[in-house]
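**Q** This structure is in structure tokens; I'll ask about it shortly.
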Protein chains: 2
Amino acid sequence: MLTEDELPRQWYNIQADMINKPLPLLNPATKEPLNADDLAHIFAAECARQELDQTHPWIDIPEEVLERYKYYRSTPLVRAYALEKALGTPAHIYFKNESVNPLGSHKVNSAIPQCYYCKQEGTTNVTTETGAGQWGAALSYAAKTFGLECAVYQVKISMQQKPYRSSIMRTFGAAVTGSPSMSTRAGKDIITADPNHPGSLGTAISEAVELATTTPHCKYTLGSVMSHVSLHQTVIGLEAEKQMEKAGEYPDTIIACFGGGSNFGGLAFPFMRHQIKGQRDNVQCTKVIDFIAAEPESCPKLTKGKFEYDFGDQAGYTPLLPMYTLGHTFKPANIHAGGLRYHGAGTIVSQLLKDGYMRAVDIPQLESFDAGLLFARTEGIIPAPESCHAIAATVREAKKCIETGEEKVILFNLSGHGLIDMSAYDAFLNGDLV
Amino acid sequence: MLTEDELPRQWYNIQADMINKPLPLLNPATKEPLNADDLAHIFAAECARQELDQTHPWIDIPEEVLERYKYYRSTPLVRAYALEKALGTPAHIYFKNESVNPLGSHKVNSAIPQCYYCKQEGTTNVTTETGAGQWGAALSYAAKTFGLECAVYQVKISMQQKPYRSSIMRTFGAAVTGSPSMSTRAGKDIITADPNHPGSLGTAISEAVELATTTPHCKYTLGSVMSHVSLHQTVIGLEAEKQMEKAGEYPDTIIACFGGGSNFGGLAFPFMRHQIKGQRDNVQCTKVIDFIAAEPESCPKLTKGKFEYDFGDQAGYTPLLPMYTLGHTFKPANIHAGGLRYHGAGTIVSQLLKDGYMRAVDIPQLESFDAGLLFARTEGIIPAPESCHAIAATVREAKKCIETGEEKVILFNLSGHGLIDMSAYDAFLNGDLV
């Protein structure tokens with residue numbers, strides 16, 4: 001653990017150090033690059049500015065945000081001795097435990113600054129979409145903290161499958177609507193065409209964006225994919241780097257699960273900066289880390305997608321994003337890791353993968369729960385189905401060390417707990433998962 | 001937070017310092033005091049010894065238990081700035097956050113040593129009863145840690161109301177049986193007499209004790225009430241005392257919710273020792289703390305019960321315990337704070353209350369959820385329905401400070417989170433609770 005004095009006071013903006021910058025976001029009609037003013041119609045102006053900032057490597061965390069971070073940060077860096085022992089591996093396995101955050105995942109790290117900037121800029125309402133609900137829950141909390149009204153469009157089928165998450169959002173005062181709904185033009189159109197539509201992130205994004213753009217003093221917020229979200233999440237990696245130093249070790253391998261990229265980037269980017277700066281300045285980096293993004297086998301945009309311009313949502317309402325994608329009409333299988341069921345990857349990660357700074361692995365659902373169950377039974381924390389993918393990739397690497405005898409230091413991100421996802425564990429234990 | 005070096009290495013046994021010792025447990029047939037050998041037929045021998053130890057104020061925590069404690073302890077001591085602000089109180093409110101423990105509550109602090117001692121003594125199976133499931137979940141984890149088989153009898157109606165908790169126990173490999181069941185003589189008798197019996201802690205205790213006493217190498221374990229359980233929980237208060245010192249403050253008031261007494265005693269006893277020793281040695285204590293146990297209005301054993309010998313279970317299978325009790329056949333209302341629905345209080349707390357070292361308040365269910373919701377919306381943590389009672393008592397005290405202008409330092413125990421209890425918050429938000 002770090003003391004309050006040791007907490008990061010700036011976020012790390014990897015875009016500023018990258019040799020090949022991410023390509024610009026494009027207006028789908030004109031194919032012209034978007035500027036911050038264009039984005040500020042939807043997002044908070046400061047978030048729009050951060051999104052496109054390719055100049056400043058360090059961005060000050062506002063005092064009011066720091067105050068809220070101090071409520072729960074730093075999060076623990078834990079050595080998983082019991083997991084190591086159970087595997088019989090010589091590897092040293094560490095995890096950054098973001099599951100002890102308010103609302104149980106890393107999402108709150110970006111929900112707080114997004115709501116803070118909205119409040120500062122005179123916004124009174126925020127809206128978003130959510131699937132399983134980790135992001136919606138975090139945003140509900142942050143909105144309440146800064147006195148903002150919050151409306152969440154939750155994928156209707158997820159709302160029914162995980163009723164506790166919408167209860168959590170309501171506990172924090174948010175209005176939760178199952179999407180598609182009759183409350184927006186987009187929702188009405190979808191329901192009219194298909195009265196039993198179960199909803200998707202695509203429908204929920206359309207409804208939230210429509211609400212934001214048609215409501216005075218209302219902004220849209222997002223929990224992943226965008227570069228400003230990964231920026232806010234770098235508190236994870238900046239803390240972890242100091243904590244690893246205190247533990248007297250340095251990672252050989254860094255692993256996180258991958259949906260849109262915010263928990264991966266949050267942990268990886270601060271460590272990756274040494275390699276990127278070393279290459280840019282033509283200085284030999286002392287230690288090259290193996291960065292691994294763990295995605296689900298059924299939604300393999302990094303391992304099997306194409307790098308191209310694509311829409312961020314199914315309906316095609318967003319800007320065109322340069323990214324690894326399975327196509328914005330791709331329908332991922334109904335796996336329990338709802339947070340990883342997204343067709344594309346953030347623009348920064350996409351560029352870094354293209355340039356060889358990192359790699360990706362795809363994990364079958366059963367392997368992810370096998371690893372998650374082993375982790376729960378050894379370390380005492382039930383991981384979110386999303387985080388199980390990072391654990392499974394960690395187990396693979398740790399098993400390789402058994403063969404080679406290497407005492408590799410592996411650091412992974414435990415992005416959240418799975419207490420609201422127990423129905424998934426039930427299905428796994430009953431043998432009902434494929 | 002404390003460093004590993006600062007973690008307590010001994011538990012504090014308040015019985016050794018008490019002027020008026022707790023009265024002995026009695027054999028209900030002979031009315032003779034029970035000795036450790038008698039208790040060791042049911043409990044681990046070392047737990048039985050600790051239960052009756054009125055001599056040693058400090059008891060070493062075994063190295064293997066310390067190792068497991070280090071996985072998650074120390075827990076954070078948090079100043080609830082946002083709650084203070086929302087209340088507009090000059091009081092300084094701190095809480096000890098046991099909700100970040102494995103399995104989400106303080107229960108694991110005693111589950112680990114109980115399972116450790118069982119393992120050391122050659123036990124291969126442990127069993128217990130559980131209501132809402134916090135204790136059953138903690139025991140399942142600890143049993144898995146030490147390689148013990150674990151069988152939990154969960155109150156049947158609770159099992160149906162909170163299915164995620166039995167999923168959690170199964171995730172840790174425990175066999176969970178709804179009580180009453182056909183797997184024991186006691187269960188069969190109950191079901192034969194009343195085929196639709198919803199179960200109670202009384203039926204579940206009977207079944208667990210029967211399993212333990214009729215199975216080779218099987219011991220019974222308990223999550224509260226008994227003195228050795230409170231002993232293990234003193235790590236909470238010992239840490240909190242060091243943490244308050246680091247914060248440069250010392251509590252005027254200490255508050256915890258009250259079921260059988262383990263989370264209350266765990267936090268309070270280490271602080272209370274100065275007053276008890278001062279009185280014993282006739283030395284003026286520098287600061288007298290106001291200790292408050294917060295119990296539900298519908299199960300008010302401390303505020304409205306009698307101090308007398310009574311059974312610990314409904315069926316009358318246990319020893320006779322000297323305690324404040326509502327009578328072992330008392331049926332508490334079906335409130336959501338399942339962990340506080342117990343008719344009696346531990347023997348140590350009962351003696352301390354009788355001797356005026358502490359006081360108790362009773363909290364209506366609606367007031368508890370009002371306070372819990374305020375806490376969630378300010379501090380970002382959804383508290384367990386049990387813990388909401390401690391928060392409500394804290395709010396009462398903090399409001400008094402508004403009137404008096406006193407900057408009292410109030411410390412309460414956040415014994416657990418409420419993520420598995422969202423149906424209770426749903427009912428509260430829908431106005432369905434009374």
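Just remember, in the structure tokens the first chain shown is A, the second B, etc., residues are 1-based per chain, and ligands are 1-based in the order shown.
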So that I can check the surroundings of stretch 251-260 of chain B, please list as a ChimeraX atom specification every protein, DNA and RNA residue that reaches within 8 Å of it, counting only C-alpha atoms and ignoring chain neighbours fewer than 2 positions away.

**A** /B:224-225,244,249,262-264,267-268,287-295,339-342,344-346,386-390,393-394,408-415

**Q** Generate the output file for the selected residues, C-alpha atoms, as a compact mmCIF listing (two decimals), in the first residue's frame.

**A**
# COMPACT_ATOMS: atom_id res chain seq x y z
CA SER B 224 -20.28 -15.46 16.89
CA VAL B 225 -21.56 -15.59 20.50
CA MET B 244 -6.21 5.99 15.16
CA GLU B 249 -6.96 11.02 17.10
CA SER B 262 -18.19 -10.91 17.63
CA ASN B 263 -17.78 -7.74 15.54
CA PHE B 264 -18.66 -5.55 18.49
CA LEU B 267 -13.51 -3.67 17.76
CA ALA B 268 -14.37 -2.65 21.33
CA LYS B 287 -10.12 8.89 28.34
CA VAL B 288 -13.40 7.09 28.96
CA ILE B 289 -14.95 5.84 25.74
CA ASP B 290 -18.69 5.54 25.18
CA PHE B 291 -19.15 1.99 23.82
CA ILE B 292 -22.44 1.46 21.98
CA ALA B 293 -23.85 -1.82 20.70
CA ALA B 294 -26.51 -1.25 18.02
CA GLU B 295 -29.14 -3.98 17.90
CA GLY B 339 -27.01 -11.81 11.25
CA LEU B 340 -28.66 -9.87 14.09
CA ARG B 341 -31.66 -12.20 14.45
CA TYR B 342 -30.37 -14.05 17.50
CA GLY B 344 -28.98 -13.97 23.10
CA ALA B 345 -25.66 -12.18 23.59
CA GLY B 346 -22.18 -13.57 24.23
CA GLU B 386 -26.38 -5.62 9.78
CA SER B 387 -23.78 -2.86 9.47
CA CYS B 388 -26.54 -0.34 8.70
CA HIS B 389 -27.46 -0.56 12.39
CA ALA B 390 -24.00 0.65 13.41
CA ALA B 393 -26.33 4.67 15.73
CA THR B 394 -23.38 6.69 14.42
CA LYS B 408 -16.43 14.08 19.03
CA VAL B 409 -14.39 11.33 17.41
CA ILE B 410 -16.73 8.47 16.53
CA LEU B 411 -15.37 5.13 15.34
CA PHE B 412 -17.69 2.45 14.00
CA ASN B 413 -17.18 -0.96 12.50
CA LEU B 414 -18.28 -1.50 8.92
CA SER B 415 -18.58 -5.24 9.47

**Q** Write out as a PyMOL selection string every residue belonging to chain A that has an atom at most 8 Å from any atom of chain B, counting only C-alpha atoms.

**A** chain A and resi 1+71+78+100+102-103+141+144-145+164+167-168+171-172+373+376-381+419-420+422-423+425-426+429

**Q** Could you check how far atom CA of B:Phe271 sits from atom CA of B:Asp362, in Å to one decimal?

**A**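 Straight-line distance from atom CA of B:Phe271 to atom CA of B:Asp362 works out to 22.5 Å.
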
**Q** I need the residues of stretch 323-360 of chain B that end up classed as strand (DSSP E) by DSSP on the backbone, written out as a list in words.

**A**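 Filtering stretch 323-360 of chain B to strand (DSSP E) leaves Met323, Tyr324, Thr325, Arg359 and Ala360 of chain B.
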
**Q** Neighbouring residues of B:Gln284 were defined as those with any atom within 10 Å, considering only C-alpha atoms; residues of the same chain fewer than 6 positions away were excluded. Please report them as a PDB file with N, CA, C and O atoms, in the first residue's frame.

**A**
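Saved to selection.pdb:
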ATOM      1  N   HIS B 274      -8.131  -0.508  28.508  1.00  0.00           N
ATOM      2  CA  HIS B 274      -7.512   0.536  29.313  1.00  0.00           C
ATOM      3  C   HIS B 274      -8.433   0.917  30.465  1.00  0.00           C
ATOM      4  O   HIS B 274      -7.978   1.128  31.591  1.00  0.00           O
ATOM      5  N   GLN B 275      -9.723   0.987  30.190  1.00  0.00           N
ATOM      6  CA  GLN B 275     -10.674   1.346  31.246  1.00  0.00           C
ATOM      7  C   GLN B 275     -10.780   0.240  32.282  1.00  0.00           C
ATOM      8  O   GLN B 275     -10.817   0.481  33.476  1.00  0.00           O
ATOM      9  N   LYS B 277      -8.557  -2.147  32.982  1.00  0.00           N
ATOM     10  CA  LYS B 277      -7.321  -2.269  33.766  1.00  0.00           C
ATOM     11  C   LYS B 277      -7.180  -1.090  34.714  1.00  0.00           C
ATOM     12  O   LYS B 277      -6.715  -1.234  35.847  1.00  0.00           O
ATOM     13  N   GLY B 278      -7.592   0.111  34.244  1.00  0.00           N
ATOM     14  CA  GLY B 278      -7.523   1.291  35.102  1.00  0.00           C
ATOM     15  C   GLY B 278      -8.371   1.103  36.349  1.00  0.00           C
ATOM     16  O   GLY B 278      -7.917   1.365  37.473  1.00  0.00           O
TER      17      GLY B 278
END

**Q** Pick out the residues sitting within 6 Å of stretch 296-307 of chain A, and hand them over as number ranges by chain; count only C-alpha atoms, and ignore anything fewer than 5 positions along from it in its own chain.

**A** A: 323-326, 332, 362-364

**Q** For a test of reading the model, state the distance in Å between atom CA of B:Tyr317 and atom CA of B:His106, rounded to one decimal.

**A**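 Spanning atom CA of B:Tyr317 to atom CA of B:His106 is a straight-line distance of 27.1 Å.
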
**Q** Go through B:Asp370, B:Asp38, B:Asp310, B:Glu397 and flag the residue nearest B:Leu433, using only C-alpha atoms for the distances.

**A** B:Asp370

**Q** Pick out the closest residue to B:Thr329 from this set: B:Ser183, B:Gln351, B:Thr286, B:Thr203. Count only C-alpha atoms.

**A**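 Nearest candidate to B:Thr329 out of B:Ser183, B:Gln351, B:Thr286, B:Thr203: B:Thr203.
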
**Q** Please run DSSP on the backbone and report, as a PyMOL selection string, all residues within stretch 47-227 of chain A that come out as alpha helix (DSSP H).

**A** chain A and resi 47-51+63-69+81-87+108-120+134-145+156-161+163-171+185-193+201-214+227

**Q** Can you write just those residues out, C-alpha atoms, as a tab-separated table (two decimals), in the first residue's frame?

**A**
chain	number	residue	atom	x	y	z
A	47	CYS	CA	-12.60	15.07	-21.63
A	48	ALA	CA	-12.80	16.02	-25.32
A	49	ARG	CA	-9.56	17.99	-24.96
A	50	GLN	CA	-7.83	15.09	-23.19
A	51	GLU	CA	-9.09	12.68	-25.85
A	63	GLU	CA	-7.65	18.48	-6.44
A	64	GLU	CA	-11.33	17.55	-6.11
A	65	VAL	CA	-10.71	14.30	-7.99
A	66	LEU	CA	-7.66	13.55	-5.85
A	67	GLU	CA	-9.81	14.02	-2.77
A	68	ARG	CA	-12.23	11.36	-4.03
A	69	TYR	CA	-9.39	9.04	-5.07
A	81	TYR	CA	1.42	-16.87	-2.81
A	82	ALA	CA	-1.41	-19.38	-2.51
A	83	LEU	CA	-2.06	-19.37	-6.25
A	84	GLU	CA	1.66	-19.83	-6.92
A	85	LYS	CA	1.73	-22.76	-4.51
A	86	ALA	CA	-1.35	-24.38	-6.01
A	87	LEU	CA	0.20	-24.13	-9.49
A	108	VAL	CA	-14.86	4.33	-10.71
A	109	ASN	CA	-11.39	5.71	-11.51
A	110	SER	CA	-12.78	7.34	-14.65
A	111	ALA	CA	-16.36	7.89	-13.46
A	112	ILE	CA	-15.10	10.36	-10.85
A	113	PRO	CA	-13.17	12.70	-13.17
A	114	GLN	CA	-15.81	12.51	-15.91
A	115	CYS	CA	-18.50	13.60	-13.45
A	116	TYR	CA	-16.20	16.20	-11.92
A	117	TYR	CA	-15.55	17.86	-15.30
A	118	CYS	CA	-19.25	17.75	-16.16
A	119	LYS	CA	-20.09	19.47	-12.89
A	120	GLN	CA	-17.39	22.11	-13.41
A	134	GLN	CA	-20.07	-2.28	-13.68
A	135	TRP	CA	-19.73	1.04	-15.48
A	136	GLY	CA	-23.30	2.15	-14.83
A	137	ALA	CA	-22.87	1.45	-11.12
A	138	ALA	CA	-19.61	3.40	-10.94
A	139	LEU	CA	-21.12	6.34	-12.82
A	140	SER	CA	-24.20	6.36	-10.56
A	141	TYR	CA	-21.95	6.68	-7.52
A	142	ALA	CA	-19.77	9.39	-9.04
A	143	ALA	CA	-22.79	11.36	-10.25
A	144	LYS	CA	-24.30	11.27	-6.77
A	145	THR	CA	-20.97	12.44	-5.36
A	156	LYS	CA	-32.47	-5.13	-21.30
A	157	ILE	CA	-31.38	-8.76	-21.26
A	158	SER	CA	-28.49	-7.99	-18.88
A	159	MET	CA	-30.86	-6.09	-16.60
A	160	GLN	CA	-32.98	-9.20	-16.31
A	161	GLN	CA	-30.01	-11.56	-15.90
A	163	PRO	CA	-30.98	-7.65	-11.30
A	164	TYR	CA	-28.66	-6.77	-8.41
A	165	ARG	CA	-26.63	-4.39	-10.59
A	166	SER	CA	-29.63	-2.23	-11.47
A	167	SER	CA	-30.57	-2.31	-7.77
A	168	ILE	CA	-27.11	-0.94	-7.03
A	169	MET	CA	-27.55	1.88	-9.54
A	170	ARG	CA	-30.94	2.73	-8.06
A	171	THR	CA	-29.38	2.68	-4.59
A	185	ARG	CA	-36.74	7.94	-30.82
A	186	ALA	CA	-33.99	5.37	-31.39
A	187	GLY	CA	-35.55	3.03	-28.85
A	188	LYS	CA	-39.03	3.43	-30.30
A	189	ASP	CA	-37.76	2.65	-33.79
A	190	ILE	CA	-36.06	-0.51	-32.60
A	191	ILE	CA	-39.06	-1.70	-30.59
A	192	THR	CA	-41.45	-0.93	-33.42
A	193	ALA	CA	-39.36	-3.03	-35.78
A	201	LEU	CA	-24.68	-2.11	-26.20
A	202	GLY	CA	-25.46	-0.72	-29.65
A	203	THR	CA	-29.06	0.10	-28.78
A	204	ALA	CA	-28.12	1.46	-25.37
A	205	ILE	CA	-25.40	3.75	-26.78
A	206	SER	CA	-27.85	5.14	-29.33
A	207	GLU	CA	-30.41	5.93	-26.64
A	208	ALA	CA	-27.87	7.52	-24.27
A	209	VAL	CA	-26.33	9.66	-27.02
A	210	GLU	CA	-29.79	10.76	-28.13
A	211	LEU	CA	-30.72	11.73	-24.58
A	212	ALA	CA	-27.47	13.68	-24.14
A	213	THR	CA	-27.79	15.58	-27.42
A	214	THR	CA	-31.46	16.44	-26.96
A	227	SER	CA	-8.41	7.56	-24.85
